[in-house]
$ cat structure37.cif   # mmCIF, C-alpha atoms
data_target
loop_
_atom_site.label_atom_id
_atom_site.label_comp_id
_atom_site.auth_asym_id
_atom_site.auth_seq_id
_atom_site.Cartn_x
_atom_site.Cartn_y
_atom_site.Cartn_z
CA MET T 27 69.65 -18.41 -0.44
CA GLY T 28 72.07 -18.42 -3.32
CA GLY T 29 74.53 -15.57 -3.72
CA GLU T 30 76.75 -14.14 -6.37
CA GLU T 31 79.46 -11.51 -6.59
CA ALA T 32 79.22 -8.66 -9.03
CA LYS T 33 82.01 -6.62 -10.53
CA ASN T 34 82.81 -3.09 -9.50
CA THR T 35 80.32 -0.66 -10.91
CA THR T 36 80.77 3.07 -10.98
CA GLY T 37 77.50 4.81 -10.50
CA GLN T 38 76.51 7.73 -12.66
CA VAL T 39 75.46 10.57 -10.41
CA LEU T 40 72.49 12.25 -12.07
CA GLY T 41 72.88 16.01 -11.84
CA ALA T 42 71.29 19.15 -13.24
CA GLU T 43 73.27 18.76 -16.46
CA ASP T 44 71.70 15.35 -17.15
CA TRP T 45 68.42 15.41 -19.05
CA MET T 46 65.95 12.58 -19.36
CA ALA T 47 63.40 11.93 -22.05
CA PHE T 48 59.68 11.88 -21.25
CA THR T 49 59.34 8.12 -21.66
CA GLU T 50 62.40 7.44 -19.56
CA ILE T 51 61.23 9.59 -16.68
CA CYS T 52 57.81 7.90 -16.77
CA ARG T 53 59.46 4.49 -16.58
CA VAL T 54 61.90 5.38 -13.82
CA CYS T 55 59.29 7.13 -11.67
CA ARG T 56 56.52 4.63 -12.53
CA ILE T 57 54.17 7.40 -13.47
CA GLU T 58 51.90 7.88 -16.46
CA ALA T 59 52.57 10.51 -19.09
CA GLY T 60 49.29 12.28 -18.29
CA ALA T 61 50.27 12.75 -14.67
CA VAL T 62 53.71 14.09 -15.66
CA HIS T 63 51.99 16.53 -17.98
CA GLU T 64 49.70 17.73 -15.17
CA LEU T 65 52.55 18.09 -12.71
CA ALA T 66 54.52 20.12 -15.26
CA GLU T 67 51.52 22.39 -15.79
CA LEU T 68 51.26 22.83 -12.03
CA GLY T 69 54.91 23.87 -11.88
CA VAL T 70 56.14 20.92 -9.85
CA ILE T 71 58.75 20.14 -12.53
CA ALA T 72 60.14 22.30 -15.33
CA PRO T 73 60.76 20.53 -18.64
CA ARG T 74 62.60 21.97 -21.60
CA GLY T 75 61.32 21.66 -25.16
CA SER T 76 58.59 23.47 -27.04
CA ALA T 77 56.03 20.68 -27.23
CA PRO T 78 55.22 17.89 -24.76
CA GLU T 79 56.45 15.29 -27.27
CA GLU T 80 59.85 16.96 -27.14
CA TRP T 81 59.98 17.51 -23.39
CA GLU T 82 63.07 16.59 -21.47
CA PHE T 83 63.46 16.81 -17.73
CA PRO T 84 66.52 17.54 -15.59
CA ALA T 85 67.59 14.49 -13.60
CA THR T 86 67.38 16.65 -10.47
CA ALA T 87 63.59 16.55 -10.90
CA LEU T 88 63.56 12.80 -10.28
CA PRO T 89 63.35 12.81 -6.46
CA THR T 90 60.44 15.30 -6.49
CA LEU T 91 58.65 13.43 -9.23
CA ARG T 92 59.08 10.11 -7.45
CA ILE T 93 57.56 11.51 -4.28
CA ALA T 94 54.62 12.91 -6.23
CA ALA T 95 54.18 9.58 -8.04
CA ARG T 96 54.22 7.64 -4.77
CA LEU T 97 51.66 9.95 -3.15
CA MET T 98 49.38 9.61 -6.16
CA ARG T 99 49.82 5.86 -6.39
CA ASP T 100 49.82 4.93 -2.72
CA LEU T 101 47.43 7.47 -1.21
CA GLY T 102 45.12 8.10 -4.15
CA VAL T 103 46.03 11.81 -4.26
CA ASN T 104 45.36 13.66 -7.52
CA ALA T 105 47.99 15.76 -9.30
CA SER T 106 46.95 19.03 -7.62
CA GLY T 107 47.08 17.40 -4.20
CA ALA T 108 50.45 15.84 -4.95
CA ALA T 109 51.80 19.20 -6.12
CA LEU T 110 50.62 20.87 -2.93
CA ALA T 111 52.01 18.06 -0.78
CA VAL T 112 55.42 18.22 -2.46
CA GLU T 113 55.57 21.97 -1.97
CA LEU T 114 54.60 21.70 1.70
CA LEU T 115 57.11 18.90 2.25
CA GLY T 116 59.79 21.21 0.88
CA VAL T 117 58.74 23.96 3.28
CA GLN T 118 58.65 21.46 6.16
CA HIS T 119 62.16 20.20 5.45
CA ALA T 120 63.51 23.74 5.19
CA LEU T 121 61.90 24.64 8.54
CA GLU T 122 63.30 21.50 10.16
CA ARG T 123 66.79 22.42 8.93
CA GLN T 124 66.37 25.92 10.34
CA ILE T 125 65.19 24.54 13.68
CA ARG T 126 68.23 22.28 13.86
CA ARG T 127 70.50 25.25 13.10
CA LEU T 128 68.87 27.32 15.84
CA GLU T 129 69.05 24.43 18.30
CA ARG T 130 72.77 24.13 17.71
CA LEU T 131 73.14 27.84 18.25
CA THR T 132 71.20 27.88 21.51
CA ALA T 133 72.38 24.54 22.94
CA ALA T 134 73.47 24.89 26.58
CA GLN T 135 77.14 24.63 27.30
CA GLY T 136 78.25 21.11 28.24
CA MET A 11 59.64 -18.39 5.96
CA GLU A 12 57.35 -16.67 8.40
CA PHE A 13 53.59 -16.52 8.08
CA ARG A 14 52.03 -13.09 7.75
CA ASP A 15 48.60 -12.41 9.21
CA TYR A 16 47.31 -9.87 6.71
CA TYR A 17 44.09 -9.30 8.65
CA LYS A 18 46.03 -8.44 11.77
CA ILE A 19 48.32 -6.15 9.81
CA LEU A 20 45.35 -4.19 8.47
CA GLY A 21 43.57 -4.31 11.81
CA VAL A 22 40.42 -5.91 10.43
CA GLN A 23 38.44 -9.05 11.19
CA ARG A 24 38.57 -12.02 8.83
CA THR A 25 34.92 -11.25 8.07
CA ALA A 26 35.65 -7.64 7.08
CA THR A 27 33.93 -6.35 3.97
CA ALA A 28 35.89 -5.04 1.00
CA GLU A 29 34.95 -1.52 2.03
CA GLU A 30 36.22 -2.07 5.57
CA VAL A 31 39.51 -3.45 4.21
CA LYS A 32 39.89 -0.44 1.93
CA THR A 33 39.08 2.07 4.68
CA SER A 34 41.58 0.50 7.03
CA TYR A 35 44.24 0.40 4.31
CA ARG A 36 43.78 4.06 3.45
CA ARG A 37 44.07 5.08 7.09
CA LEU A 38 47.23 3.02 7.66
CA ALA A 39 48.78 4.02 4.33
CA ARG A 40 48.40 7.68 5.27
CA LYS A 41 49.81 6.99 8.75
CA PHE A 42 52.90 5.10 7.57
CA HIS A 43 53.66 6.49 4.11
CA PRO A 44 57.43 7.05 4.27
CA ASP A 45 57.31 10.37 2.41
CA VAL A 46 55.08 11.99 5.05
CA SER A 47 55.23 9.82 8.18
CA LYS A 48 57.31 10.45 11.28
CA GLU A 49 56.39 7.08 12.78
CA LYS A 50 59.17 4.71 13.79
CA ASN A 51 59.87 2.07 11.12
CA ALA A 52 57.39 3.81 8.82
CA GLU A 53 58.82 2.37 5.62
CA GLU A 54 58.76 -1.20 6.91
CA ARG A 55 55.23 -0.82 8.28
CA PHE A 56 54.05 0.76 5.03
CA LYS A 57 55.36 -2.17 2.99
CA GLU A 58 53.56 -4.59 5.31
CA VAL A 59 50.33 -2.67 4.90
CA GLN A 60 50.74 -2.49 1.12
CA GLU A 61 51.38 -6.21 0.88
CA ALA A 62 48.41 -7.07 3.08
CA TYR A 63 46.12 -4.86 1.01
CA GLU A 64 47.45 -6.29 -2.24
CA VAL A 65 46.12 -9.67 -1.13
CA LEU A 66 42.96 -8.76 0.75
CA LYS A 67 41.61 -6.32 -1.85
CA ASP A 68 41.69 -8.99 -4.57
CA PRO A 69 38.80 -11.46 -4.15
CA GLU A 70 40.74 -14.30 -5.75
CA LYS A 71 43.91 -13.79 -3.75
CA ARG A 72 41.91 -13.27 -0.58
CA ALA A 73 39.97 -16.48 -1.11
CA ALA A 74 43.17 -18.42 -1.69
CA TYR A 75 44.80 -16.86 1.38
CA ASP A 76 41.74 -17.68 3.50
CA GLN A 77 42.10 -21.33 2.49
CA LEU A 78 45.30 -21.46 4.50
CA GLY A 79 43.05 -21.33 7.53
CA SER A 80 42.71 -19.12 10.58
CA GLU A 81 45.05 -21.06 12.88
CA TRP A 82 48.27 -19.53 11.59
CA LYS A 83 49.88 -16.77 13.62
CA SER A 84 52.24 -14.07 12.40
CA GLY A 85 55.84 -15.17 12.73
CA GLN A 86 55.13 -18.90 12.63
CA GLN A 87 57.27 -20.96 10.25
CA PHE A 88 55.27 -21.60 7.10
CA ARG A 89 55.45 -23.42 3.78
CA PRO A 90 52.74 -23.31 1.07
CA PRO A 91 50.71 -26.52 0.83
CA PRO A 92 51.57 -28.77 -2.15
CA ASP A 93 48.33 -28.01 -3.96
CA TRP A 94 48.57 -24.31 -3.42
CA GLY A 95 46.52 -22.26 -5.85
CA SER A 96 44.89 -25.17 -7.62
CA GLY A 97 41.25 -24.73 -8.44
CA TYR A 98 41.67 -21.10 -9.43
CA GLU A 99 40.74 -20.26 -12.98
CA PHE A 100 43.54 -17.85 -13.64
CA SER A 101 46.79 -19.66 -14.32
CA GLY A 102 50.05 -18.44 -15.78
CA GLY A 103 49.68 -15.90 -18.56
CA GLY A 104 50.18 -12.16 -18.36
CA PRO A 105 48.53 -9.44 -16.29
CA ARG A 106 44.78 -9.69 -16.15
CA ALA A 107 43.36 -7.67 -18.99
CA GLY A 108 40.83 -5.13 -17.95
CA ARG A 109 41.54 -5.37 -14.22
CA ALA A 110 44.19 -2.70 -14.01
CA GLN A 111 43.02 -0.01 -11.60
CA ARG A 112 44.29 3.42 -12.40
CA ARG A 113 44.39 6.07 -9.72
CA GLY A 114 45.30 9.64 -10.48
CA GLY A 115 47.40 8.73 -13.48
CA ALA A 116 49.83 6.55 -11.54
CA VAL A 117 50.98 3.26 -12.96
CA PRO A 118 48.50 0.38 -12.52
CA ASP A 119 48.79 -1.59 -9.32
CA GLU A 120 50.12 -4.74 -11.01
CA GLU A 121 53.16 -2.81 -12.12
CA ALA A 122 53.42 -0.46 -9.15
CA TYR A 123 53.92 -3.21 -6.61
CA ALA A 124 57.25 -4.53 -7.73
CA GLU A 125 57.93 -7.82 -6.01
CA GLU A 126 61.23 -6.48 -4.79
CA GLY A 127 59.32 -4.74 -1.97
CA PHE A 128 57.24 -7.71 -0.84
CA SER A 129 58.12 -10.51 1.54
CA ASP A 130 59.25 -14.05 0.78
CA PHE A 131 55.87 -15.12 2.17
CA PHE A 132 54.03 -13.11 -0.49
CA SER A 133 56.38 -14.23 -3.27
CA SER A 134 55.90 -17.89 -2.36
CA LEU A 135 52.12 -17.56 -2.53
CA PHE A 136 51.52 -14.98 -5.23
CA GLY A 137 54.74 -14.46 -7.13
CA GLY A 138 56.04 -15.89 -10.40
CA GLY A 139 55.77 -19.67 -10.67
CA THR A 140 52.34 -19.73 -8.98
CA PRO A 141 48.92 -19.50 -10.59
CA PHE A 142 48.82 -15.87 -9.54
CA GLY A 143 52.10 -14.84 -11.04
CA GLY A 144 52.30 -12.78 -14.20
CA ALA A 145 54.34 -13.79 -17.21
CA ALA A 146 57.98 -12.74 -17.21
CA ARG A 147 58.16 -9.47 -19.08
CA ARG A 148 60.54 -8.66 -21.88
CA GLY A 149 63.00 -6.12 -20.57
CA GLY A 150 63.75 -6.06 -16.89
CA ARG A 151 62.25 -3.52 -14.53
CA ASP A 152 64.27 -0.73 -13.04
CA HIS A 153 64.94 -1.21 -9.35
CA HIS A 154 65.21 1.49 -6.75
CA ALA A 155 67.09 1.34 -3.49
CA ARG A 156 68.43 3.74 -0.92
CA ILE A 157 72.04 4.01 0.14
CA ASP A 158 73.05 5.74 3.37
CA ILE A 159 76.44 7.44 3.32
CA GLY A 160 78.28 9.69 5.74
CA LEU A 161 78.95 13.33 4.91
CA GLU A 162 82.69 12.75 4.62
CA GLN A 163 82.02 9.87 2.21
CA ALA A 164 79.83 12.16 0.12
CA PHE A 165 82.63 14.71 0.05
CA HIS A 166 85.48 12.37 -0.81
CA GLY A 167 83.58 9.69 -2.72
CA THR A 168 83.30 6.10 -1.52
CA THR A 169 82.94 2.46 -2.50
CA SER A 170 80.14 0.40 -0.99
CA ASN A 171 78.95 -3.17 -1.26
CA LEU A 172 75.23 -3.40 -1.76
CA GLU A 173 73.35 -6.62 -1.12
CA LEU A 174 70.14 -6.78 -3.09
CA LYS A 175 67.65 -9.60 -2.67
CA ARG A 176 65.94 -10.70 -5.84
CA PRO A 177 63.37 -13.50 -6.23
CA GLU A 178 64.27 -15.60 -9.28
CA LEU A 179 62.41 -18.44 -10.92
CA LYS A 180 64.29 -21.76 -10.88
CA ALA A 181 64.09 -24.37 -13.62
CA ASP A 182 61.64 -26.40 -11.53
CA GLY A 183 59.28 -23.42 -11.33
CA THR A 184 59.87 -22.57 -7.68
CA LEU A 185 61.06 -19.25 -6.43
CA GLU A 186 64.44 -18.73 -4.93
CA VAL A 187 65.60 -15.48 -3.36
CA ARG A 188 69.13 -14.80 -4.48
CA VAL A 189 71.44 -12.24 -2.95
CA HIS A 190 73.05 -10.15 -5.62
CA THR A 191 76.08 -8.14 -4.52
CA VAL A 192 76.91 -4.93 -6.34
CA ARG A 193 80.06 -3.02 -5.48
CA VAL A 194 79.36 0.60 -6.20
CA THR A 195 81.85 3.41 -6.55
CA ILE A 196 80.18 6.70 -5.74
CA PRO A 197 82.05 9.73 -7.04
CA PRO A 198 82.72 12.76 -4.81
CA GLY A 199 80.01 15.37 -4.41
CA VAL A 200 76.80 13.39 -4.30
CA ALA A 201 74.08 15.48 -2.60
CA ASP A 202 71.33 14.28 -0.28
CA GLY A 203 68.46 12.80 -2.29
CA GLN A 204 70.48 12.68 -5.48
CA LEU A 205 70.05 9.65 -7.70
CA ILE A 206 72.87 7.40 -8.86
CA ARG A 207 72.19 5.20 -11.86
CA LEU A 208 73.81 1.80 -12.28
CA ALA A 209 73.02 0.71 -15.80
CA GLY A 210 71.92 -2.88 -16.24
CA GLN A 211 71.92 -3.68 -12.53
CA GLY A 212 68.15 -3.81 -12.20
CA GLU A 213 65.92 -6.76 -12.94
CA PRO A 214 67.41 -9.19 -15.48
CA ALA A 215 65.54 -9.39 -18.76
CA ALA A 216 63.66 -12.43 -19.93
CA ASP A 217 64.21 -13.73 -23.44
CA GLY A 218 66.83 -11.31 -24.58
CA GLY A 219 65.30 -8.06 -23.46
CA ARG A 220 67.27 -5.24 -21.86
CA ALA A 221 68.02 -5.53 -18.16
CA GLY A 222 66.63 -2.76 -16.03
CA ASP A 223 68.76 -0.18 -14.28
CA LEU A 224 69.33 0.22 -10.57
CA TYR A 225 68.68 3.70 -9.19
CA LEU A 226 70.19 4.43 -5.81
CA GLU A 227 68.89 7.36 -3.82
CA ALA A 228 71.71 8.76 -1.73
CA ARG A 229 70.76 9.64 1.83
CA ILE A 230 73.43 11.52 3.68
CA LEU A 231 73.42 10.71 7.37
CA PRO A 232 73.29 13.51 9.96
CA HIS A 233 76.71 14.77 11.05
CA ARG A 234 77.62 15.87 14.56
CA LEU A 235 79.35 19.04 13.33
CA TYR A 236 77.94 20.01 9.95
CA GLN A 237 74.42 20.65 8.84
CA LEU A 238 73.81 19.98 5.15
CA ASP A 239 71.56 22.06 2.92
CA GLY A 240 71.88 21.07 -0.72
CA ARG A 241 75.60 21.31 -1.35
CA ASP A 242 76.16 23.90 1.39
CA VAL A 243 77.16 22.96 4.92
CA THR A 244 76.79 25.01 8.08
CA LEU A 245 79.05 24.72 11.10
CA THR A 246 78.25 26.34 14.43
CA LEU A 247 81.53 27.81 15.70
CA PRO A 248 81.92 28.67 19.40
CA VAL A 249 83.95 31.88 19.89
CA ALA A 250 85.11 33.75 22.94
CA PRO A 251 83.60 37.21 23.66
CA TRP A 252 86.91 38.96 22.98
CA GLU A 253 87.26 37.17 19.63
CA ALA A 254 83.84 38.44 18.55
CA ALA A 255 84.34 41.93 19.96
CA LEU A 256 87.91 42.54 18.81
CA GLY A 257 88.10 40.28 15.78
CA ALA A 258 90.40 37.26 15.51
CA SER A 259 91.93 34.70 13.19
CA VAL A 260 90.67 31.22 14.09
CA THR A 261 91.08 27.71 12.70
CA VAL A 262 87.83 26.27 11.41
CA PRO A 263 87.21 22.63 10.48
CA THR A 264 85.94 21.96 6.95
CA LEU A 265 85.20 18.72 5.12
CA GLY A 266 88.44 19.16 3.20
CA GLY A 267 90.55 19.90 6.28
CA PRO A 268 91.03 22.84 8.68
CA VAL A 269 91.33 26.37 7.29
CA ASP A 270 92.11 29.76 8.84
CA MET A 271 89.25 32.23 8.96
CA HIS A 272 89.10 35.88 10.03
CA ILE A 273 86.34 36.95 12.40
CA PRO A 274 85.64 40.66 11.90
CA SER A 275 85.52 42.91 14.96
CA GLY A 276 82.05 43.59 16.29
CA ALA A 277 80.76 40.14 15.37
CA GLN A 278 77.63 38.90 17.16
CA SER A 279 76.21 35.52 18.06
CA GLY A 280 74.23 34.08 15.14
CA GLN A 281 76.22 35.97 12.53
CA LYS A 282 77.10 33.86 9.50
CA LEU A 283 80.39 33.97 7.66
CA ARG A 284 80.93 32.20 4.35
CA LEU A 285 83.80 30.04 3.18
CA ARG A 286 83.29 29.82 -0.58
CA GLY A 287 83.62 26.45 -2.23
CA ARG A 288 84.12 24.55 1.03
CA GLY A 289 80.89 22.61 0.83
CA LEU A 290 80.23 19.49 -1.24
CA PRO A 291 82.07 19.36 -4.59
CA GLY A 292 80.04 20.09 -7.67
CA LYS A 293 79.44 22.49 -10.51
CA PRO A 294 79.24 24.82 -8.70
CA ALA A 295 80.68 23.55 -5.43
CA GLY A 296 78.74 24.32 -2.29
CA ASP A 297 79.87 26.74 0.38
CA GLN A 298 80.50 26.32 4.08
CA TYR A 299 78.71 28.74 6.35
CA VAL A 300 80.16 29.36 9.78
CA GLN A 301 77.56 30.49 12.28
CA LEU A 302 79.16 32.21 15.28
CA LYS A 303 78.08 31.32 18.78
CA VAL A 304 79.56 33.56 21.47
CA VAL A 305 80.26 31.46 24.55
CA LEU A 306 80.90 33.13 27.91
CA PRO A 307 83.74 31.92 30.12
CA PRO A 308 82.30 30.64 33.41
CA ALA A 309 82.50 33.09 36.33
CA THR A 310 83.71 30.46 38.72
CA SER A 311 87.15 31.74 39.69
CA ALA A 312 87.88 34.94 41.59
CA ASP A 313 89.79 36.39 38.63
CA ALA A 314 86.92 35.67 36.24
CA LYS A 315 84.44 37.29 38.59
CA ALA A 316 86.67 40.31 38.88
CA VAL A 317 86.78 40.71 35.09
CA TYR A 318 83.01 40.53 34.84
CA GLU A 319 82.59 43.04 37.69
CA GLU A 320 84.94 45.43 35.90
CA MET A 321 82.95 45.05 32.69
CA ARG A 322 79.74 45.80 34.58
CA ALA A 323 81.28 48.91 36.11
CA LYS A 324 83.05 50.30 33.07
CA LEU A 325 80.83 49.32 30.11
CA ASP A 326 77.69 51.34 29.60
CA PHE A 327 75.76 48.40 28.15
CA ASN A 328 72.07 47.53 28.48
CA PRO A 329 71.16 44.52 26.29
CA ARG A 330 67.45 45.09 27.10
CA ALA A 331 67.30 48.72 26.07
CA ASP A 332 64.89 47.95 23.22
CA LEU A 333 62.47 46.15 25.52
CA THR A 334 61.70 49.10 27.80
CA GLY A 335 59.76 52.13 26.68
#
$ encode --input "structure37.cif" --output "structure tokens"
Amino acid sequence: MGGEEAKNTTGQVLGAEDWMAFTEICRVCRIEAGAVHELAELGVIAPRGSAPEEWEFPATALPTLRIAARLMRDLGVNASGAALAVELLGVQHALERQIRRLERLTAAQG
Amino acid sequence: MEFRDYYKILGVQRTATAEEVKTSYRRLARKFHPDVSKEKNAEERFKEVQEAYEVLKDPEKRAAYDQLGSEWKSGQQFRPPPDWGSGYEFSGGGPRAGRAQRRGGAVPDEEAYAEEGFSDFFSSLFGGGTPFGGAARRGGRDHHARIDIGLEQAFHGTTSNLELKRPELKADGTLEVRVHTVRVTIPPGVADGQLIRLAGQGEPAADGGRAGDLYLEARILPHRLYQLDGRDVTLTLPVAPWEAALGASVTVPTLGGPVDMHIPSGAQSGQKLRLRGRGLPGKPAGDQYVQLKVVLPPATSADAKAVYEEMRAKLDFNPRADLTG
């Protein structure tokens, strides 16, 4: 395989203060505009802007939107199913964190 | 490169119908989807399953793959035959008009399965430069990758070398996988799951278009001391019974270095104390929570036993009072 060196690159950390246009978020998440619209209506993501054409999304919505897009694309889930799955995944992760906290608290002395 | 037995990967016979292939794919996709699976190597297995289905669901690709014969075994060294793909009507050109399959509003399959996720085996048979490959698009695709970093690295910031493999079309029309090294500086305060954008580091553009971006998803590795929740961290702090009962000033580790913390008198096991701003940096910075864990000294020496006996005699204390009556 051939190889090449690249220069130093400083990554831009995308935070809550970064907003992305509708078309950009569709491209990055590989999701159609219609699906984004549905997921916004279902409350999975919260855009700003009065009309869908003007919608912008916080960059912090990207991970959630990417998961929803993958579930829809890979498992044939519709928007409602993806919204439910994303919500339940959030609950699951929170419970797993709580379990780990409790396990640390109750771990037997070494 | 190594041969891939797509039928074996999907767990179907070579004579399986399209419906049987689809049923098996759906079952395995659900089992190994990395967003919901707890299986070992789920992501790798899912990519294998996706790749196998990409070929076996398409009558033309399946027919071409079947021509390789049934004697090949997974893992065997393989090279496409010289006349690979000849005899198929589709050659060169762009995506097949009218064959895009849309599911639930997601991007059509031809675009969803970026070649970055598929094996060299797939690329050599069905990638660019073969009769099955699509035309190079104007404007490169965005690429996505994951970067694992330690909690201390997330706190302080870090520099990492990323090696990304990218299939590129050579002048003679064959594919070559090139390793592209990107040295990334990650600023302090990146949270778990947060995205980092590297402009122009995605797929190169063809014919003057804009190169895609590279999006890195930061995954913060588990830490032996701290538990991360957003930008907040929680530390379980062992304390002696007298420290909890009487109060004490103790030294507590934080990501930014040790700090002194006051334990109020009458503290109990499980109680949480907060150190503001001691979590991951940000606007606002996260906090560190210290969860107290009262640890009893062992009653192994005569003196220790004597202390416990005195406590039993002098303290009117029944921890199970609420359980009776």
$ closest_residue --input "structure37.cif" --among "T:Glu129, T:Glu67, T:Glu58, T:Glu82" --to "chain A" --atoms "only C-alpha atoms"
T:Glu58
$ closest_atom_pairs --input "structure37.cif" --of "chain T" --to "chain A" --cutoff "9 Å" --atoms "all atoms listed in the file" --output "tab-separated table"
residue	atom	partner	partner_atom	distance
T:Met27	CA	A:Arg188	CA	5.4
T:Gly28	CA	A:Arg188	CA	4.8
T:Gly29	CA	A:Val189	CA	4.6
T:Glu30	CA	A:His190	CA	5.5
T:Glu31	CA	A:Thr191	CA	5.2
T:Ala32	CA	A:Val192	CA	5.1
T:Lys33	CA	A:Arg193	CA	6.5
T:Asn34	CA	A:Arg193	CA	4.9
T:Thr35	CA	A:Val194	CA	5.0
T:Thr36	CA	A:Thr195	CA	4.6
T:Gly37	CA	A:Leu208	CA	5.1
T:Gln38	CA	A:Arg207	CA	5.1
T:Val39	CA	A:Ile206	CA	4.4
T:Leu40	CA	A:Leu205	CA	5.6
T:Gly41	CA	A:Gln204	CA	7.6
T:Arg53	CA	A:Asp152	CA	7.9
T:Val54	CA	A:Asp152	CA	6.6
T:Arg56	CA	A:Val117	CA	5.7
T:Ile57	CA	A:Ala116	CA	4.8
T:Glu58	CA	A:Gly115	CA	5.5
T:Ala59	CA	A:Gly115	CA	7.8
T:Gly60	CA	A:Gly115	CA	6.3
T:Ala61	CA	A:Gly115	CA	5.1
T:Val62	CA	A:Gly115	CA	8.6
T:Ala85	CA	A:Leu205	CA	8.0
T:Thr86	CA	A:Gln204	CA	7.1
T:Leu88	CA	A:Leu205	CA	7.7
T:Pro89	CA	A:Gly203	CA	6.6
T:Ile93	CA	A:Asp45	CA	6.8
T:Ala95	CA	A:Ala116	CA	6.4
T:Arg96	CA	A:Ala116	CA	8.1
T:Leu97	CA	A:Asp45	CA	7.9
T:Met98	CA	A:Gly114	CA	5.9
T:Arg99	CA	A:Ala116	CA	5.2
T:Asp100	CA	A:Ala39	CA	7.2
T:Leu101	CA	A:Arg40	CA	6.6
T:Gly102	CA	A:Arg113	CA	6.0
T:Val103	CA	A:Gly114	CA	6.6
T:Asn104	CA	A:Gly114	CA	5.0
T:Ala105	CA	A:Gly114	CA	6.8
T:Ala111	CA	A:Val46	CA	9.0
T:Leu115	CA	A:Val46	CA	7.7
T:Ala120	CA	A:Asp239	CA	8.5
T:Arg123	CA	A:Asp239	CA	7.7
T:Arg126	CA	A:Gln237	CA	8.1
T:Arg127	CA	A:Gln237	CA	7.4
T:Leu128	CA	A:Gly280	CA	8.7
T:Arg130	CA	A:Thr246	CA	6.8
T:Leu131	CA	A:Lys303	CA	6.1
T:Thr132	CA	A:Lys303	CA	8.2
T:Gln135	CA	A:Val305	CA	8.0
$ atom_distance --input "structure37.cif" --atom1 "atom CA of Gly75 of chain T" --atom2 "atom CA of Pro294 of chain A"
24.5 Å
$ resolve_selection --input "structure37.cif" --expression "the PyMOL selection byres ((chain A and resi 78-86) around 8)" --output "tab-separated table (two decimals) with C-alpha atoms, in the frame of the given file"
chain	number	residue	atom	x	y	z
A	12	GLU	CA	57.35	-16.67	8.40
A	13	PHE	CA	53.59	-16.52	8.08
A	14	ARG	CA	52.03	-13.09	7.75
A	15	ASP	CA	48.60	-12.41	9.21
A	74	ALA	CA	43.17	-18.42	-1.69
A	75	TYR	CA	44.80	-16.86	1.38
A	76	ASP	CA	41.74	-17.68	3.50
A	77	GLN	CA	42.10	-21.33	2.49
A	87	GLN	CA	57.27	-20.96	10.25
A	88	PHE	CA	55.27	-21.60	7.10
$ resolve_selection --input "structure37.cif" --expression "the PyMOL selection byres ((chain A and resi 297) around 7)" --output "NGL selection string"
:A and (242-243 or 284-289 or 295-296 or 298-299)
